[in-house]
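Pasting final-v5.csv here (CSV, C-alpha atoms):
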chain,number,residue,atom,x,y,z
A,174,MET,CA,165.4,140.6,98.2
A,175,LEU,CA,162.3,139.3,100.0
A,176,LYS,CA,160.4,142.4,99.2
A,177,SER,CA,161.1,142.1,95.4
A,178,THR,CA,160.3,138.4,95.5
A,179,SER,CA,156.9,139.1,97.1
A,180,LEU,CA,156.2,141.8,94.6
A,181,PHE,CA,157.0,139.4,91.7
A,182,ILE,CA,154.6,136.7,93.1
A,183,LEU,CA,151.8,139.3,93.4
A,184,LEU,CA,152.4,140.5,89.9
A,185,LEU,CA,152.4,136.8,88.7
A,186,ILE,CA,149.1,136.0,90.5
A,187,SER,CA,147.5,139.2,89.2
A,188,SER,CA,148.6,138.3,85.7
A,189,ILE,CA,147.2,134.8,85.9
A,190,ALA,CA,143.9,136.1,87.3
A,191,PHE,CA,143.7,138.8,84.6
A,192,SER,CA,144.5,136.3,81.8
A,193,GLN,CA,141.8,133.9,83.1
A,194,GLU,CA,139.1,136.5,83.2
A,195,ASN,CA,140.1,137.7,79.7
A,196,LEU,CA,140.9,134.4,78.0
A,197,ASN,CA,138.9,135.2,74.9
A,198,ASP,CA,135.5,136.7,73.9
A,199,ASP,CA,133.7,133.4,73.8
A,200,LEU,CA,130.5,133.1,75.7
A,201,LYS,CA,131.0,131.7,79.2
A,202,ILE,CA,128.5,128.9,79.7
A,203,PHE,CA,127.3,127.2,82.9
A,204,LEU,CA,125.7,123.9,82.0
A,205,ASP,CA,123.1,123.0,84.7
A,206,CYS,CA,121.9,119.5,83.6
A,207,ASN,CA,121.9,116.4,85.7
A,208,ILE,CA,121.2,113.9,82.9
A,209,CYS,CA,123.3,115.4,80.0
A,210,ASP,CA,126.4,113.9,78.5
A,211,HIS,CA,128.7,116.8,79.6
A,212,THR,CA,131.7,115.3,77.9
A,213,TYR,CA,130.0,115.0,74.5
A,214,ILE,CA,128.6,118.6,74.7
A,215,LYS,CA,132.0,120.0,75.6
A,216,GLN,CA,133.7,118.1,72.7
A,217,ASN,CA,131.1,119.2,70.2
A,218,LEU,CA,130.1,122.8,71.2
A,219,GLY,CA,132.6,125.5,70.1
A,220,ASN,CA,132.6,129.2,70.4
A,221,VAL,CA,132.0,129.0,74.1
A,222,GLN,CA,133.9,128.5,77.4
A,223,PHE,CA,132.4,126.2,80.0
A,224,VAL,CA,132.6,127.5,83.6
A,225,ARG,CA,132.3,125.6,86.8
A,226,ASP,CA,129.9,127.9,88.7
A,227,GLN,CA,126.7,129.7,87.7
A,228,GLY,CA,128.0,133.0,89.1
A,229,LEU,CA,130.9,132.9,86.6
A,230,GLY,CA,128.9,132.5,83.4
A,231,ASP,CA,127.4,134.8,80.8
A,232,VAL,CA,124.6,132.3,80.1
A,233,HIS,CA,123.1,129.8,82.6
A,234,LEU,CA,121.6,126.7,80.8
A,235,PHE,CA,119.0,125.4,83.3
A,236,PHE,CA,117.5,122.1,82.3
A,237,VAL,CA,114.2,120.7,83.6
A,238,THR,CA,112.9,117.3,82.4
A,239,GLN,CA,109.7,115.3,82.8
A,240,ALA,CA,108.7,111.8,81.5
A,241,ASN,CA,106.4,112.0,78.5
A,242,GLY,CA,103.7,109.6,77.2
A,243,SER,CA,106.0,108.0,74.6
A,244,GLY,CA,108.5,106.7,77.1
A,245,GLY,CA,110.9,109.6,76.4
A,246,ARG,CA,111.3,112.9,78.1
A,247,LEU,CA,110.2,116.5,77.7
A,248,TYR,CA,113.1,118.9,78.0
A,249,GLU,CA,112.9,122.5,78.9
A,250,ILE,CA,116.1,124.6,78.7
A,251,ASP,CA,116.0,128.0,80.3
A,252,PHE,CA,118.6,130.3,78.7
A,253,ILE,CA,119.3,132.8,81.5
A,254,GLY,CA,121.5,135.8,80.6
A,255,LYS,CA,124.0,137.1,83.1
A,256,ASN,CA,126.2,140.2,83.3
A,257,LYS,CA,125.7,142.2,80.1
A,258,PHE,CA,123.1,139.6,78.8
A,259,GLU,CA,120.9,139.9,81.9
A,260,ASN,CA,118.0,141.2,79.8
A,261,ILE,CA,118.0,138.0,77.6
A,262,ASN,CA,115.9,135.2,79.1
A,263,TYR,CA,113.9,132.6,77.2
A,264,LYS,CA,113.0,128.9,77.0
A,265,VAL,CA,113.5,126.2,74.4
A,266,GLU,CA,111.4,123.0,74.6
A,267,PHE,CA,111.7,119.7,72.8
A,268,SER,CA,110.8,116.0,73.4
A,269,THR,CA,112.5,112.7,72.9
A,270,ASN,CA,110.8,109.3,72.6
A,271,THR,CA,111.5,105.7,73.7
A,272,ASP,CA,112.9,104.7,70.2
A,273,MET,CA,115.8,107.2,70.4
A,274,THR,CA,119.2,105.9,71.4
A,275,SER,CA,121.4,107.7,74.0
A,276,ASP,CA,123.5,109.1,71.1
A,277,ALA,CA,120.4,110.4,69.4
A,278,VAL,CA,119.2,112.0,72.6
A,279,ARG,CA,122.5,113.8,73.3
A,280,SER,CA,122.6,115.0,69.7
A,281,GLU,CA,119.1,116.4,70.1
A,282,ILE,CA,120.2,118.2,73.3
A,283,LEU,CA,123.2,119.7,71.6
A,284,LYS,CA,121.1,120.8,68.6
A,285,HIS,CA,118.8,122.8,70.9
A,286,ILE,CA,121.6,124.2,73.0
A,287,LYS,CA,123.1,125.6,69.8
A,288,LEU,CA,119.7,127.0,68.7
A,289,GLY,CA,119.2,128.7,72.0
A,290,LEU,CA,122.7,130.3,72.0
A,291,VAL,CA,122.3,132.0,68.7
A,292,ARG,CA,120.8,135.2,70.1
A,293,PHE,CA,123.6,135.4,72.7
A,294,TRP,CA,126.3,134.9,70.0
A,295,ILE,CA,124.7,137.7,68.0
A,296,GLU,CA,124.6,140.0,71.0
A,297,ASN,CA,128.2,139.1,71.8
A,298,GLY,CA,129.3,140.0,68.3
A,299,ASN,CA,131.2,136.7,67.7
A,300,THR,CA,129.2,135.2,64.8
A,301,ALA,CA,132.0,134.6,62.3
A,302,ASN,CA,131.9,130.9,62.9
A,303,ILE,CA,128.1,130.6,63.3
A,304,ALA,CA,126.0,129.1,60.5
A,305,VAL,CA,122.2,128.4,60.5
A,306,SER,CA,120.8,125.7,58.2
A,307,VAL,CA,117.1,125.3,57.5
A,308,PRO,CA,115.4,123.0,54.9
A,309,SER,CA,114.1,124.6,51.7
A,310,PRO,CA,110.3,124.2,51.2
A,311,GLU,CA,110.7,121.4,48.7
A,312,ASN,CA,112.8,119.4,51.1
A,313,GLU,CA,110.7,119.8,54.2
A,314,VAL,CA,109.6,116.5,55.7
A,315,GLU,CA,105.8,116.2,55.9
A,316,VAL,CA,104.6,116.0,59.5
A,317,ILE,CA,102.4,112.9,60.1
A,318,GLU,CA,99.5,114.1,62.2
A,319,ASN,CA,97.8,110.7,62.6
A,320,ASP,CA,99.4,108.5,65.2
A,321,ALA,CA,99.1,104.9,64.0
A,322,TRP,CA,99.5,103.6,67.6
A,323,ASN,CA,96.9,106.1,69.0
A,324,PHE,CA,99.4,107.2,71.8
A,325,TRP,CA,99.9,103.6,73.1
A,326,VAL,CA,103.4,102.6,74.2
A,327,PHE,CA,104.2,99.0,75.0
A,328,ARG,CA,107.2,97.6,76.8
A,329,LEU,CA,108.6,94.1,77.4
A,330,GLY,CA,111.4,93.4,79.9
A,331,ALA,CA,113.4,90.5,81.2
A,332,ALA,CA,116.5,90.2,83.3
A,333,GLY,CA,118.4,87.5,85.1
A,334,TYR,CA,121.2,87.4,87.6
A,335,PHE,CA,123.2,84.3,88.7
A,336,ASN,CA,126.1,83.8,91.0
A,337,GLY,CA,127.6,81.0,93.1
A,338,GLU,CA,130.5,79.2,94.7
A,339,GLU,CA,131.1,75.7,96.0
A,340,THR,CA,128.8,75.9,99.0
A,341,ASN,CA,126.1,78.3,97.8
A,342,LYS,CA,124.4,79.6,94.7
A,343,SER,CA,121.7,82.1,93.9
A,344,SER,CA,119.6,83.3,91.0
A,345,ASN,CA,117.2,86.2,90.4
A,346,LEU,CA,114.7,86.3,87.5
A,347,ASN,CA,112.5,89.3,86.5
A,348,PHE,CA,109.9,89.6,83.8
A,349,ASN,CA,107.5,92.4,83.0
A,350,ILE,CA,105.2,93.7,80.3
A,351,SER,CA,103.4,97.0,80.3
A,352,ALA,CA,101.1,99.2,78.1
A,353,LYS,CA,100.6,102.9,78.6
A,354,ARG,CA,98.6,105.6,76.9
A,355,VAL,CA,99.1,109.2,77.9
A,356,THR,CA,97.2,112.3,76.6
A,357,GLU,CA,96.4,115.7,78.1
A,358,LYS,CA,93.0,114.4,79.4
A,359,ASN,CA,93.8,110.8,80.4
A,360,LYS,CA,96.7,108.7,81.6
A,361,PHE,CA,96.1,104.9,81.5
A,362,SER,CA,98.7,102.2,82.3
A,363,ILE,CA,98.7,98.4,82.9
A,364,ARG,CA,101.7,96.4,84.0
A,365,ALA,CA,102.3,92.7,84.8
A,366,SER,CA,105.5,91.5,86.5
A,367,PHE,CA,107.0,88.3,87.9
A,368,SER,CA,110.2,88.0,90.0
A,369,GLU,CA,111.8,85.0,91.7
A,370,ASN,CA,114.8,84.9,94.0
A,371,LYS,CA,116.3,81.4,94.7
A,372,SER,CA,119.2,80.7,97.0
A,373,THR,CA,120.7,77.3,97.7
A,374,PHE,CA,123.2,76.7,100.6
A,375,THR,CA,125.0,73.4,101.1
A,376,PHE,CA,125.9,72.5,104.7
A,377,ASP,CA,127.0,69.2,106.1
A,378,GLY,CA,126.0,67.4,102.9
A,379,GLU,CA,122.5,68.9,102.8
A,380,ASP,CA,121.0,71.6,100.6
A,381,ILE,CA,119.0,74.4,102.2
A,382,VAL,CA,116.8,76.1,99.6
A,383,ALA,CA,115.1,79.5,100.0
A,384,ILE,CA,112.7,80.7,97.3
A,385,ASN,CA,110.8,84.0,97.2
A,386,ASN,CA,108.6,85.0,94.3
A,387,ASN,CA,106.2,87.8,93.5
A,388,LYS,CA,103.6,88.2,90.9
A,389,SER,CA,101.5,91.3,90.3
A,390,LEU,CA,99.2,93.0,87.9
A,391,ASN,CA,98.8,96.8,88.3
A,392,VAL,CA,96.2,99.0,86.5
A,393,SER,CA,95.7,102.8,86.9
A,394,ASP,CA,93.6,105.3,85.1
A,395,VAL,CA,94.0,109.0,85.8
A,396,LEU,CA,91.7,111.7,84.3
A,397,SER,CA,92.2,115.4,84.2
A,398,ILE,CA,89.6,117.8,85.5
A,399,ASN,CA,91.3,121.1,85.0
A,400,SER,CA,94.8,122.7,85.6
A,401,HIS,CA,94.6,121.9,89.4
A,402,TRP,CA,92.3,118.9,89.9
A,403,SER,CA,92.5,115.3,88.7
A,404,TYR,CA,91.0,112.0,89.8
A,405,GLY,CA,91.8,108.4,89.2
A,406,PHE,CA,91.4,104.7,89.9
A,407,PHE,CA,94.1,102.4,91.1
A,408,GLY,CA,93.9,98.6,91.2
A,409,ASP,CA,96.4,95.7,91.7
A,410,ILE,CA,96.3,92.0,92.2
A,411,GLY,CA,99.1,89.5,93.0
A,412,THR,CA,100.9,87.1,95.3
A,413,SER,CA,104.0,87.4,97.5
A,414,THR,CA,105.7,84.7,99.5
A,415,TYR,CA,107.9,87.1,101.3
A,416,ARG,CA,104.9,89.2,102.5
A,417,ASN,CA,102.7,86.2,103.3
A,418,TYR,CA,100.2,86.7,100.5
A,419,LYS,CA,98.7,83.7,98.7
A,420,LEU,CA,96.5,86.3,96.9
A,421,PHE,CA,95.8,90.0,97.4
A,422,TRP,CA,93.9,92.6,95.5
A,423,ARG,CA,93.3,96.3,96.0
A,424,PHE,CA,91.0,98.9,94.4
A,425,ARG,CA,91.3,102.5,95.5
A,426,PRO,CA,89.7,105.6,93.8
A,427,ALA,CA,91.6,108.8,94.3
A,428,ILE,CA,91.5,112.5,93.9
A,429,GLU,CA,94.4,115.0,93.7
A,430,TYR,CA,94.8,118.8,93.9
A,431,ASN,CA,97.9,120.6,92.8
A,432,PHE,CA,98.2,124.1,94.3
A,433,PHE,CA,100.2,125.1,91.3
A,434,LYS,CA,99.2,124.5,87.7
A,435,TYR,CA,100.1,121.1,86.4
A,436,GLU,CA,101.9,122.8,83.4
A,437,GLU,CA,104.4,124.1,85.9
A,438,SER,CA,105.1,120.7,87.6
A,439,ALA,CA,108.6,120.4,86.1
A,440,LYS,CA,109.7,123.4,88.2
A,441,LYS,CA,107.4,123.4,91.1
A,442,GLN,CA,104.4,121.5,92.5
A,443,LEU,CA,102.5,121.0,95.8
A,444,ILE,CA,100.0,118.3,95.7
A,445,LEU,CA,97.4,117.0,98.2
A,446,SER,CA,95.9,113.6,97.3
A,447,TYR,CA,93.5,111.2,98.9
A,448,ARG,CA,92.8,107.5,98.2
A,449,ASN,CA,90.1,105.3,99.8
A,450,GLY,CA,89.2,101.8,98.8
A,451,LEU,CA,89.0,98.0,99.4
A,452,ILE,CA,91.8,95.6,100.2
A,453,PHE,CA,91.5,91.8,100.2
A,454,ASN,CA,94.2,89.5,101.6
A,455,ASP,CA,94.4,85.7,101.5
A,456,TYR,CA,97.3,84.7,103.6
A,457,ILE,CA,99.7,81.8,103.1
A,458,GLU,CA,100.0,81.4,106.9
A,459,ARG,CA,97.5,82.6,109.5
A,460,SER,CA,98.2,86.2,110.3
A,461,VAL,CA,99.2,87.6,113.7
A,462,PHE,CA,95.6,88.7,114.1
A,463,GLY,CA,94.4,85.1,113.5
A,464,GLU,CA,93.0,85.8,110.0
A,465,GLU,CA,93.3,83.5,107.1
A,466,LYS,CA,91.7,85.9,104.7
A,467,GLU,CA,90.0,89.3,105.2
A,468,LEU,CA,88.4,92.2,103.3
A,469,LEU,CA,89.3,95.7,104.6
A,470,PHE,CA,88.9,99.4,103.9
A,471,GLU,CA,92.0,101.6,103.8
A,472,HIS,CA,92.6,105.3,103.1
A,473,VAL,CA,95.8,107.2,102.3
A,474,ILE,CA,96.5,110.9,102.5
A,475,LEU,CA,99.6,112.4,101.0
A,476,LEU,CA,101.0,116.0,100.9
A,477,GLY,CA,104.1,116.4,98.7
A,478,GLY,CA,105.9,119.1,96.9
A,479,SER,CA,109.0,119.9,94.9
A,480,VAL,CA,110.9,123.0,93.7
A,481,ARG,CA,113.7,123.1,91.2
A,482,GLN,CA,115.3,126.5,90.5
A,483,GLU,CA,118.8,127.9,89.7
A,484,TRP,CA,119.9,127.6,93.4
A,485,GLY,CA,119.1,123.9,93.5
A,486,ASN,CA,116.1,121.6,94.3
A,487,ILE,CA,114.0,120.6,97.3
A,488,ASN,CA,111.4,117.9,97.4
A,489,GLY,CA,109.5,116.2,100.2
A,490,GLU,CA,106.3,114.5,101.3
A,491,VAL,CA,104.2,113.4,104.2
A,492,SER,CA,102.0,110.3,103.9
A,493,PHE,CA,99.5,108.7,106.2
A,494,ASN,CA,98.0,105.2,105.7
A,495,GLN,CA,95.2,103.9,107.9
A,496,TYR,CA,92.8,100.9,108.1
A,497,LEU,CA,89.3,102.0,108.8
A,498,HIS,CA,88.1,98.9,110.7
A,499,ASP,CA,90.8,99.6,113.3
A,500,THR,CA,92.2,103.1,113.2
A,501,ARG,CA,95.1,102.0,115.4
A,502,LEU,CA,96.5,100.2,112.4
A,503,ASN,CA,98.3,102.9,110.6
A,504,SER,CA,101.6,104.2,109.3
A,505,LEU,CA,103.1,107.7,109.0
A,506,GLY,CA,106.0,108.5,106.7
A,507,PHE,CA,108.2,111.5,106.1
A,508,TYR,CA,110.6,112.2,103.3
A,509,LEU,CA,112.8,115.3,102.6
A,510,GLY,CA,115.6,115.8,100.1
A,511,ALA,CA,117.5,118.8,99.0
A,512,ASN,CA,120.5,119.9,96.9
A,513,ILE,CA,121.4,123.5,97.5
A,514,ARG,CA,124.1,125.7,96.1
A,515,VAL,CA,125.2,127.7,99.2
A,516,PHE,CA,127.9,129.9,97.5
A,517,LYS,CA,130.2,129.8,94.6
A,518,GLY,CA,131.5,126.3,94.1
A,519,PHE,CA,129.9,124.9,97.2
A,520,SER,CA,126.8,122.6,97.2
A,521,PHE,CA,125.1,120.9,100.1
A,522,ASN,CA,122.8,117.8,99.7
A,523,VAL,CA,120.8,116.0,102.3
A,524,GLY,CA,118.0,113.4,102.2
A,525,GLY,CA,116.1,111.1,104.5
A,526,ASN,CA,113.0,109.0,105.0
A,527,TYR,CA,111.4,107.8,108.2
A,528,ARG,CA,108.2,105.7,108.5
A,529,ILE,CA,106.4,104.7,111.7
A,530,THR,CA,104.7,101.3,110.9
A,531,ARG,CA,101.8,100.1,113.0
A,532,ASN,CA,99.9,98.3,110.2
A,533,GLN,CA,101.7,95.1,109.4
A,534,ILE,CA,98.6,93.0,109.4
A,535,ASN,CA,100.1,90.5,106.9
A,536,LEU,CA,102.8,89.1,109.2
A,537,PRO,CA,102.4,85.4,109.8
A,538,ALA,CA,101.7,84.1,113.4
A,539,GLY,CA,104.3,82.2,115.3
A,540,ASP,CA,108.0,82.5,115.8
A,541,VAL,CA,110.6,83.1,113.0
A,542,SER,CA,113.2,80.4,112.8
A,543,LEU,CA,116.9,81.3,112.6
A,544,GLU,CA,117.0,79.9,109.1
A,545,GLU,CA,114.1,82.1,107.9
A,546,LEU,CA,115.7,85.1,109.6
A,547,LEU,CA,119.2,84.7,108.0
A,548,LEU,CA,117.8,83.8,104.6
A,549,GLN,CA,115.2,86.7,104.7
A,550,GLN,CA,112.4,84.3,103.7
A,551,GLN,CA,109.6,86.4,105.3
A,552,GLN,CA,108.9,90.0,106.4
A,553,LEU,CA,109.6,90.7,110.1
A,554,GLN,CA,107.8,92.9,112.5
A,555,SER,CA,109.3,96.4,112.8
A,556,GLY,CA,107.9,99.6,114.4
A,557,TYR,CA,109.8,101.8,112.1
A,558,ASN,CA,112.2,102.0,109.1
A,559,TYR,CA,114.5,104.7,107.9
A,560,TRP,CA,117.3,105.8,105.7
A,561,ALA,CA,119.4,109.0,105.5
A,562,THR,CA,122.1,110.6,103.4
A,563,ILE,CA,124.1,113.8,103.8
A,564,GLY,CA,127.0,115.3,101.9
A,565,PHE,CA,128.5,118.3,100.2
A,566,SER,CA,130.7,119.2,97.3
A,567,TYR,CA,133.1,122.1,96.7
A,568,SER,CA,135.0,123.0,93.6
A,569,PHE,CA,137.7,125.6,93.1
A,570,GLY,CA,140.4,126.5,90.7
A,571,SER,CA,140.2,127.6,87.0
A,572,ILE,CA,136.8,128.9,86.1
A,573,TYR,CA,137.2,127.3,82.6
A,574,ASN,CA,136.7,123.6,82.1
A,575,SER,CA,136.2,123.2,78.3
A,576,ILE,CA,139.0,120.7,77.9
A,577,VAL,CA,138.0,117.1,77.8
A,578,ASN,CA,140.5,114.3,78.4
A,579,PRO,CA,138.8,110.9,78.8
A,580,ARG,CA,141.9,108.8,79.4
A,581,PHE,CA,141.5,106.1,82.1
A,582,ASN,CA,138.0,107.5,82.6
A,583,PHE,CA,138.9,110.0,85.4
Rewrite the coordinates I just gave you, this time as structure tokens.
Amino acid sequence: MLKSTSLFILLLISSIAFSQENLNDDLKIFLDCNICDHTYIKQNLGNVQFVRDQGLGDVHLFFVTQANGSGGRLYEIDFIGKNKFENINYKVEFSTNTDMTSDAVRSEILKHIKLGLVRFWIENGNTANIAVSVPSPENEVEVIENDAWNFWVFRLGAAGYFNGEETNKSSNLNFNISAKRVTEKNKFSIRASFSENKSTFTFDGEDIVAINNNKSLNVSDVLSINSHWSYGFFGDIGTSTYRNYKLFWRFRPAIEYNFFKYEESAKKQLILSYRNGLIFNDYIERSVFGEEKELLFEHVILLGGSVRQEWGNINGEVSFNQYLHDTRLNSLGFYLGANIRVFKGFSFNVGGNYRITRNQINLPAGDVSLEELLLQQQQLQSGYNYWATIGFSYSFGSIYNSIVNPRFNF
């Protein structure tokens, strides 16, 4: 009896596995996109089966995106054939702009996914439900070659946050305005911002008020030399009560070299950059070095890189800041982050940042009161700062996940 029961279970498992692998002749799709609306795509893309791991698919849709000059994004979709389609590999590119809603963006993504899958559907022989629509010559929309805004993009932003209870209340206000112009040869931007944090605590009939505000104006101008070299100028001016600045301004020219071509930066890049320039600080309180205002030289060296491929992504950087009037005043920072697919269904992610700080020349002289410490009214001396994250994910079960059920949002 036990033997027959075991045989039945084995046959049942084999039957389920066979039926899963041969569910139908639809293309098996692995959608590798961090910013896509997966639910929308699954609800609106038929003639395919979505699978949970890249090793289980016939087609791997690998998305790479970069911010473009209009405030939107440039999308690159690599259609990577697997199994019997391994000889089919190509790329589809398109761009979105800042005027497009999230619904328009996801519709554009879906349209180009369908476009890229046509060749696979033809190769697979299941084209009965496929139709292609193109405009007739008389209905084609004329392309406007002249940009009325000459590549300029402007943005305005404002936000407020308020909360409170009987003994305390707080508010946070932010305003910003920016203008940006991006072409192949030049990238220029200017941004002005204002923020204020106000907290009021009532204790023993008295109000304790803490206010921090920041104002800044940032300007940058980057020019292309060739596929590997670029140079630029970076300037900013502003105030910060938290960082003890009555007024500060900085101007730093810079040069950068990319060991890969900039055209490949969505998938891989390794850059070495150097900045050197003037810094002026006018302090609210006399600094720990006894200065009320000072003009300094500072340089910054940064080596950073990133790789994004089918197996995951890795990015990291090392940066070194140093004041030239006293080379002992410096900081050294490290960052590394990775998301790696180790094997089918299992991904590992880790990230961390550590900075050694020996250059806090802006700290005010004197002791910090308990009130200032608790209310975080000013920056404190610290020889280092860090953060770290680590985790993994593992999925198993049915290789098909085309069904979408959004009830209760889980």
request  = Counting all atoms listed in the file, figure out which residue out of A:Ala321, A:Ile202, A:Ile381, A:Leu234 gets nearest to A:Asp251.
outcome  =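 The answer is A:Leu234, which sits nearest to A:Asp251.
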Atomic separation - atom CA of A:Lys441 relative to atom CA of A:Ser479, Å =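 One can read the atom CA of A:Ser479 to atom CA of A:Lys441 distance as 5.4 Å.
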key: Å distance separating atom CA of A:His498 from atom CA of A:Arg423, one decimal place   =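 These atoms are spaced 15.8 Å apart.
Between atom CA of A:Glu458 and atom CA of A:Tyr415 lies a distance of 11.2 Å.
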Which polymer residues have any atom within 10 Å of an atom of A:Asn207, counting all atoms listed in the file, with same-chain residues fewer than 4 positions away left out, as a short mmCIF file (atom, residue, chain, number, x, y, z; two decimals) with C-alpha atoms, in the frame of the given file?
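Result file part_27.cif:
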data_model
loop_
_atom_site.label_atom_id
_atom_site.label_comp_id
_atom_site.auth_asym_id
_atom_site.auth_seq_id
_atom_site.Cartn_x
_atom_site.Cartn_y
_atom_site.Cartn_z
CA HIS A 211 128.70 116.80 79.60
CA PHE A 235 119.00 125.40 83.30
CA PHE A 236 117.50 122.10 82.30
CA VAL A 237 114.20 120.70 83.60
CA THR A 238 112.90 117.30 82.40
#
request  = Go through A:Tyr435, A:Trp402, A:Tyr559, A:Trp422 and flag the residue nearest A:Tyr447, using all atoms listed in the file for the distances.
outcome  = A:Trp402
Mind checking which residues fall within 7 Å of stretch 218-221 of chain A, counting only C-alpha atoms, ignoring those fewer than 4 positions away in the same chain, and posting them as a CSV table (one decimal) with C-alpha atoms, keeping the file's coordinate frame?
chain,number,residue,atom,x,y,z
A,199,ASP,CA,133.7,133.4,73.8
A,200,LEU,CA,130.5,133.1,75.7
A,201,LYS,CA,131.0,131.7,79.2
A,202,ILE,CA,128.5,128.9,79.7
A,214,ILE,CA,128.6,118.6,74.7
task = Rank nothing, just name the residue among A:Phe335, A:Phe374, A:Phe507, A:Tyr430 nearest to A:Ile398, using only C-alpha atoms.
result =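 Once distances to A:Ile398 are computed over only C-alpha atoms, the minimum belongs to A:Tyr430.
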